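Each remark here refers to the structure printed beneath this line.
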Amino acid sequence: MLWRRISGAKATFVTAANTFFIVLMSLDLQTIAKSFAIEGALQSIAPFGSGHINETYRSVWQSDVGTRAFIHQRINHNVFKDVAVVMKNIAVVTRHVRQRIAQTGTSRDETLTIVPTREGKDYLADPALGFWRTYLQVENSESFDICPDAAHAEEAARTFGRFLAYLSDLNPGMLGEPIPRFQDTGLRYEQLEAALQSDSAMRKEAVASEIEFAISRRPVGLLIMEALRKGTVPLRATHSDPKVNNVLFNTNTKRGFCVVDLDTCMPGSILYDFGDLVRSTAVPSAEDEVDLSKVHMSAEYYSSLTKGFLESFRSHMTAREIELLPFAPRVIALTLGIRFLTDYLNGDVYFRVHRPQQNLDRCRAQFQIVRSMEAQQEYMQAAVAGLLAA
Ligand code: ADP
Ligand code: GN1
Ligand code: MG
């Protein structure tokens, strides 16, 4: 398919052989950008961000009122089968958060603003070009793939905590499940099993120790789902992808003020959100780091994250949520490691890869994070207790 070839060319941008595709891509991108209700003249459009799932571009427009930037995203239809559910959830969440910011929030917080198509729809669905949406670019903002320091960690957690607090009175039933059973670690084990059975990419032999690792940690892996199932932790409206690069910081004040990447907002446990925040933020190495001696959870970052999160979300939490809080990062690192391993076994069909074995390296790094968290479990519990007592 033409668009696939064009997208593939994006990664190898510079070679002369790709020029033809780059020109076409930019024409298609212009068509896409111009399908949305934006005033003025399009000045430029270029790739933006570094996510594993969607493709993100930034465009700049000039009009009578000045220069404005927009974010265009191609929604990954392989991952998000029902784009209508994704976009409805985002509309519900942003409306709710905007109301809460106005009523109770600090004035510096913002949320995403969907820019409709010229037909007034929340997204563009085109048989050749795919599914696209557009947001206003949040001005004066920056995000970090690797958290720069403990102060940013604390601020990221405080910002996610505020976001969850805004959502705390949204009936989770108002949200659909854009990816069914997304948070369910039990399902991730089932998917690993299925991948092993079919061994479609014939990679099973190489990952015996990773499989053994995953199986040996199963009881801890199921902790959050069991609590949800028994009803000992509540089902809430959650973000479900609170990576550190999904919080925007103000470039001047350095304060967190906007949570983005709302594709996976859905009913679930906030333990998943806290856990994912810690596993992505408190590990100051790349997600696919191959030198495992560099991969560990920073106790300092963990404490800062816990402090920031409790500060803004503590008043909404139940006793059981607090009890499980120090275990959540371990559950989520294990779960994500299993997801990377499964995708590696399936031949890299879900997470975007830029080199062979990247998903296996990502899996190994997550399992190394699990080991690091296991070694620091007592500290993680004591830090929560200490902060609550303070
Ligand atoms: P992905 O699902 O691929 O991670 P995101 O929605 O997180 O895509 O977008 C990628 C990056 O683009 C984010 O990490 C953030 O830095 C930036 N970004 C996304 N939306 C906006 C926006 N509306 N304003 C400013 N930056 C944004
Ligand atoms: C994906 O879209 P992105 O890159 O923020 C994934 C998350 C993983 C994350 C790991 C819909 O997030 O679940 O935790 O990669 N998103 C989806 O980096 O699967
Ligand atoms: Mg993202």
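Ordering of the structure tokens sets the chain letters (A, B, ...), residue numbers begin anew at 1 in every chain, and ligands are numbered from 1 in the order given.
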
Hey, what's within 9 Å of Ile224 of chain A if we count only C-alpha atoms and toss same-chain stuff fewer than 3 positions away? As a VMD selection string, please? chain A and resid 184 to 185 220 to 221 227 to 229 233 269 271 to 272 324 327 to 328 331

Tell me which protein, DNA and RNA residues are within 12 Å of Met380 of chain A, counting only C-alpha atoms, leaving out same-chain ones fewer than 2 positions away, and put them as JSON, numbers by chain. {"A": [275, 278, 297, 298, 299, 300, 301, 302, 303, 304, 305, 306, 307, 322, 323, 324, 325, 326, 327, 328, 329, 330, 372, 373, 374, 375, 376, 377, 378, 382, 383, 384, 385, 386, 387]}

Could you write out the selected residues, including N, CA, C and O atoms, as a short mmCIF file (atom, residue, chain, number, x, y, z; two decimals), in the first residue's frame?
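So selection25.cif came out as:
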data_model
loop_
_atom_site.label_atom_id
_atom_site.label_comp_id
_atom_site.auth_asym_id
_atom_site.auth_seq_id
_atom_site.Cartn_x
_atom_site.Cartn_y
_atom_site.Cartn_z
N GLY A 275 2.30 2.65 38.85
CA GLY A 275 3.35 1.67 38.52
C GLY A 275 4.06 2.02 37.22
O GLY A 275 5.30 1.98 37.13
N VAL A 278 6.36 5.04 37.59
CA VAL A 278 7.63 4.72 38.25
C VAL A 278 8.54 3.93 37.31
O VAL A 278 9.72 4.27 37.14
N MET A 297 16.44 0.81 39.19
CA MET A 297 15.52 1.83 39.66
C MET A 297 16.22 2.75 40.64
O MET A 297 16.83 2.28 41.60
N SER A 298 16.16 4.04 40.39
CA SER A 298 16.77 5.01 41.30
C SER A 298 15.87 5.20 42.51
O SER A 298 14.71 5.59 42.38
N ALA A 299 16.42 4.92 43.71
CA ALA A 299 15.64 5.08 44.94
C ALA A 299 15.23 6.55 45.11
O ALA A 299 14.12 6.86 45.55
N GLU A 300 16.13 7.44 44.72
CA GLU A 300 15.85 8.87 44.87
C GLU A 300 14.65 9.28 43.99
O GLU A 300 13.72 9.96 44.44
N TYR A 301 14.67 8.84 42.74
CA TYR A 301 13.56 9.16 41.83
C TYR A 301 12.26 8.54 42.34
O TYR A 301 11.19 9.16 42.27
N TYR A 302 12.37 7.30 42.83
CA TYR A 302 11.16 6.63 43.33
C TYR A 302 10.54 7.43 44.47
O TYR A 302 9.32 7.66 44.49
N SER A 303 11.37 7.88 45.39
CA SER A 303 10.85 8.66 46.53
C SER A 303 10.21 9.95 46.04
O SER A 303 9.14 10.35 46.52
N SER A 304 10.86 10.60 45.08
CA SER A 304 10.31 11.86 44.55
C SER A 304 8.98 11.62 43.86
O SER A 304 8.03 12.40 44.01
N LEU A 305 8.90 10.55 43.08
CA LEU A 305 7.65 10.23 42.38
C LEU A 305 6.54 9.95 43.38
O LEU A 305 5.40 10.42 43.22
N THR A 306 6.87 9.17 44.40
CA THR A 306 5.86 8.81 45.39
C THR A 306 5.38 10.06 46.12
O THR A 306 4.17 10.25 46.34
N LYS A 307 6.33 10.93 46.45
CA LYS A 307 5.97 12.18 47.14
C LYS A 307 5.02 13.01 46.28
O LYS A 307 3.95 13.44 46.74
N ILE A 322 -3.27 2.09 48.78
CA ILE A 322 -2.01 2.55 49.40
C ILE A 322 -1.12 1.35 49.72
O ILE A 322 0.09 1.38 49.48
N GLU A 323 -1.74 0.29 50.22
CA GLU A 323 -0.98 -0.93 50.56
C GLU A 323 -0.26 -1.50 49.33
O GLU A 323 0.87 -1.95 49.41
N LEU A 324 -0.95 -1.47 48.20
CA LEU A 324 -0.37 -2.08 46.98
C LEU A 324 0.53 -1.13 46.20
O LEU A 324 1.26 -1.56 45.30
N LEU A 325 0.50 0.14 46.58
CA LEU A 325 1.26 1.15 45.81
C LEU A 325 2.74 0.76 45.60
O LEU A 325 3.22 0.81 44.46
N PRO A 326 3.46 0.32 46.65
CA PRO A 326 4.89 0.01 46.43
C PRO A 326 5.13 -1.24 45.57
O PRO A 326 6.25 -1.47 45.15
N PHE A 327 4.10 -2.05 45.35
CA PHE A 327 4.27 -3.26 44.52
C PHE A 327 3.93 -2.98 43.05
O PHE A 327 4.33 -3.72 42.16
N ALA A 328 3.16 -1.91 42.84
CA ALA A 328 2.63 -1.64 41.49
C ALA A 328 3.74 -1.48 40.43
O ALA A 328 3.61 -2.02 39.33
N PRO A 329 4.83 -0.76 40.73
CA PRO A 329 5.87 -0.60 39.69
C PRO A 329 6.42 -1.93 39.20
O PRO A 329 6.67 -2.13 38.01
N ARG A 330 6.58 -2.87 40.15
CA ARG A 330 7.11 -4.19 39.81
C ARG A 330 6.14 -4.94 38.90
O ARG A 330 6.52 -5.58 37.93
N SER A 372 15.70 -5.14 39.98
CA SER A 372 16.14 -4.00 40.78
C SER A 372 15.06 -3.61 41.81
O SER A 372 15.36 -3.29 42.96
N MET A 373 13.80 -3.69 41.38
CA MET A 373 12.71 -3.35 42.31
C MET A 373 12.56 -4.43 43.39
O MET A 373 12.27 -4.11 44.55
N GLU A 374 12.76 -5.68 43.00
CA GLU A 374 12.69 -6.75 44.01
C GLU A 374 13.72 -6.50 45.10
O GLU A 374 13.44 -6.64 46.29
N ALA A 375 14.92 -6.11 44.67
CA ALA A 375 16.00 -5.88 45.64
C ALA A 375 15.70 -4.69 46.54
O ALA A 375 16.25 -4.58 47.63
N GLN A 376 14.82 -3.78 46.07
CA GLN A 376 14.55 -2.56 46.85
C GLN A 376 13.12 -2.55 47.41
O GLN A 376 12.60 -1.49 47.78
N GLN A 377 12.48 -3.72 47.46
CA GLN A 377 11.07 -3.75 47.85
C GLN A 377 10.83 -3.17 49.24
O GLN A 377 9.90 -2.40 49.46
N GLU A 378 11.71 -3.53 50.19
CA GLU A 378 11.50 -3.01 51.56
C GLU A 378 11.60 -1.50 51.58
O GLU A 378 10.81 -0.81 52.23
N ALA A 382 8.85 1.20 52.75
CA ALA A 382 9.17 2.14 53.83
C ALA A 382 9.00 3.58 53.36
O ALA A 382 8.56 4.45 54.12
N ALA A 383 9.33 3.84 52.09
CA ALA A 383 9.22 5.21 51.58
C ALA A 383 7.76 5.67 51.59
O ALA A 383 7.45 6.79 51.99
N VAL A 384 6.84 4.78 51.18
CA VAL A 384 5.41 5.14 51.20
C VAL A 384 4.98 5.39 52.65
O VAL A 384 4.35 6.41 52.96
N ALA A 385 5.36 4.46 53.53
CA ALA A 385 4.97 4.60 54.93
C ALA A 385 5.51 5.90 55.51
O ALA A 385 4.79 6.64 56.21
N GLY A 386 6.78 6.19 55.21
CA GLY A 386 7.41 7.41 55.73
C GLY A 386 6.69 8.66 55.25
O GLY A 386 6.44 9.59 56.02
N LEU A 387 6.34 8.68 53.98
CA LEU A 387 5.68 9.87 53.43
C LEU A 387 4.28 10.04 54.04
O LEU A 387 3.84 11.16 54.28
#

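Relative to atom CA of Ile75 of chain A, atom CA of Ile53 of chain A is found at 8.0 Å.
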
For ligand 2, return the neighbouring residues as a ChimeraX atom specification (distance at most 8 Å; only C-alpha atoms and all ligand atoms). /A:50-54,79-80,179,240-243,245-246,261,263-264,276,280,287,336,350-351

Each residue of chain A lying at most 10 Å from ligand 1 should get a row with its shortest atom-to-atom pair and the distance in Å to one decimal, counting only C-alpha atoms and all ligand atoms; could you produce that, ordered by chain and increasing number, as a tab-separated table?
residue	atom	partner	partner_atom_place_in_ligand_line	distance
A:Pro47	CA	ligand 1	12 (O)	9.5
A:Phe48	CA	ligand 1	12 (O)	6.0
A:Gly49	CA	ligand 1	11 (C)	3.9
A:Ser50	CA	ligand 1	10 (C)	5.8
A:Gly51	CA	ligand 1	3 (O)	3.2
A:His52	CA	ligand 1	3 (O)	5.4
A:Ile53	CA	ligand 1	3 (O)	4.9
A:Asn54	CA	ligand 1	3 (O)	4.1
A:Glu55	CA	ligand 1	3 (O)	5.8
A:Thr56	CA	ligand 1	10 (C)	6.0
A:Tyr57	CA	ligand 1	12 (O)	8.1
A:Arg58	CA	ligand 1	26 (N)	8.5
A:Ala69	CA	ligand 1	24 (N)	8.5
A:Phe70	CA	ligand 1	23 (N)	7.1
A:Ile71	CA	ligand 1	23 (N)	5.6
A:His72	CA	ligand 1	20 (N)	8.2
A:Gln73	CA	ligand 1	6 (O)	7.5
A:Arg74	CA	ligand 1	3 (O)	9.0
A:Ile75	CA	ligand 1	2 (O)	8.3
A:Asn76	CA	ligand 1	2 (O)	8.8
A:Thr111	CA	ligand 1	23 (N)	8.3
A:Leu112	CA	ligand 1	23 (N)	5.6
A:Thr113	CA	ligand 1	23 (N)	7.2
A:Ile114	CA	ligand 1	23 (N)	8.5
A:Thr134	CA	ligand 1	23 (N)	8.2
A:Tyr135	CA	ligand 1	23 (N)	5.1
A:Leu136	CA	ligand 1	23 (N)	5.3
A:Gln137	CA	ligand 1	24 (N)	3.5
A:Val138	CA	ligand 1	24 (N)	3.8
A:Glu139	CA	ligand 1	25 (C)	6.7
A:Asn140	CA	ligand 1	25 (C)	8.3
A:Ser141	CA	ligand 1	25 (C)	6.2
A:Glu142	CA	ligand 1	16 (O)	6.1
A:Ser143	CA	ligand 1	16 (O)	4.7
A:Phe144	CA	ligand 1	16 (O)	7.2
A:Asp145	CA	ligand 1	14 (O)	7.6
A:Asp241	CA	ligand 1	4 (O)	8.7
A:Pro242	CA	ligand 1	7 (O)	9.4
A:Lys243	CA	ligand 1	4 (O)	8.5
A:Val244	CA	ligand 1	14 (O)	8.1
A:Asn245	CA	ligand 1	14 (O)	4.4
A:Asn246	CA	ligand 1	14 (O)	4.7
A:Val247	CA	ligand 1	14 (O)	7.2
A:Leu248	CA	ligand 1	16 (O)	6.5
A:Phe249	CA	ligand 1	16 (O)	9.2
A:Cys258	CA	ligand 1	24 (N)	8.7
A:Val259	CA	ligand 1	20 (N)	8.9
A:Val260	CA	ligand 1	20 (N)	5.7
A:Asp261	CA	ligand 1	6 (O)	3.7
A:Leu262	CA	ligand 1	6 (O)	7.0
A:Asp263	CA	ligand 1	2 (O)	7.3
A:Thr264	CA	ligand 1	2 (O)	9.2
A:Arg352	CA	ligand 1	3 (O)	9.8

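Distances here use only C-alpha atoms; by that measure, the residue among A:Arg98, A:His77, A:Arg355, A:Lys88 closest to Phe131 of chain A is A:His77.
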
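Straight-line separation from atom CA of Lys230 of chain A to atom CA of Gly186 of chain A: 14.5 Å.
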
For the strand (DSSP E or B) assignment from backbone DSSP, which residues of segment 183-363 of chain A qualify? Please present them as a PyMOL selection string. chain A and resi 236-238+247-250+256-259+266-268

Deliver the residues from the most recent selection as a file, using C-alpha atoms, as a CSV table (one decimal), in the first residue's frame.
chain,number,residue,atom,x,y,z
A,236,ARG,CA,-11.6,4.3,38.1
A,237,ALA,CA,-11.0,6.4,35.0
A,238,THR,CA,-7.3,6.0,34.3
A,247,VAL,CA,3.5,14.9,30.7
A,248,LEU,CA,4.3,18.4,29.3
A,249,PHE,CA,6.4,20.7,31.3
A,250,ASN,CA,6.3,24.5,30.9
A,256,GLY,CA,4.3,20.0,34.7
A,257,PHE,CA,0.9,21.3,33.4
A,258,CYS,CA,-0.6,19.0,30.8
A,259,VAL,CA,-1.0,15.3,30.4
A,266,MET,CA,-10.2,3.7,30.1
A,267,PRO,CA,-11.6,2.1,33.3
A,268,GLY,CA,-8.9,0.4,35.3

Please identify all polymer residues within 7 Å of Ile146 of chain A, counting only C-alpha atoms, omitting same-chain residues fewer than 2 positions from it, and present them as an NGL selection string. :A and (144 or 148 or 281 or 284-286)
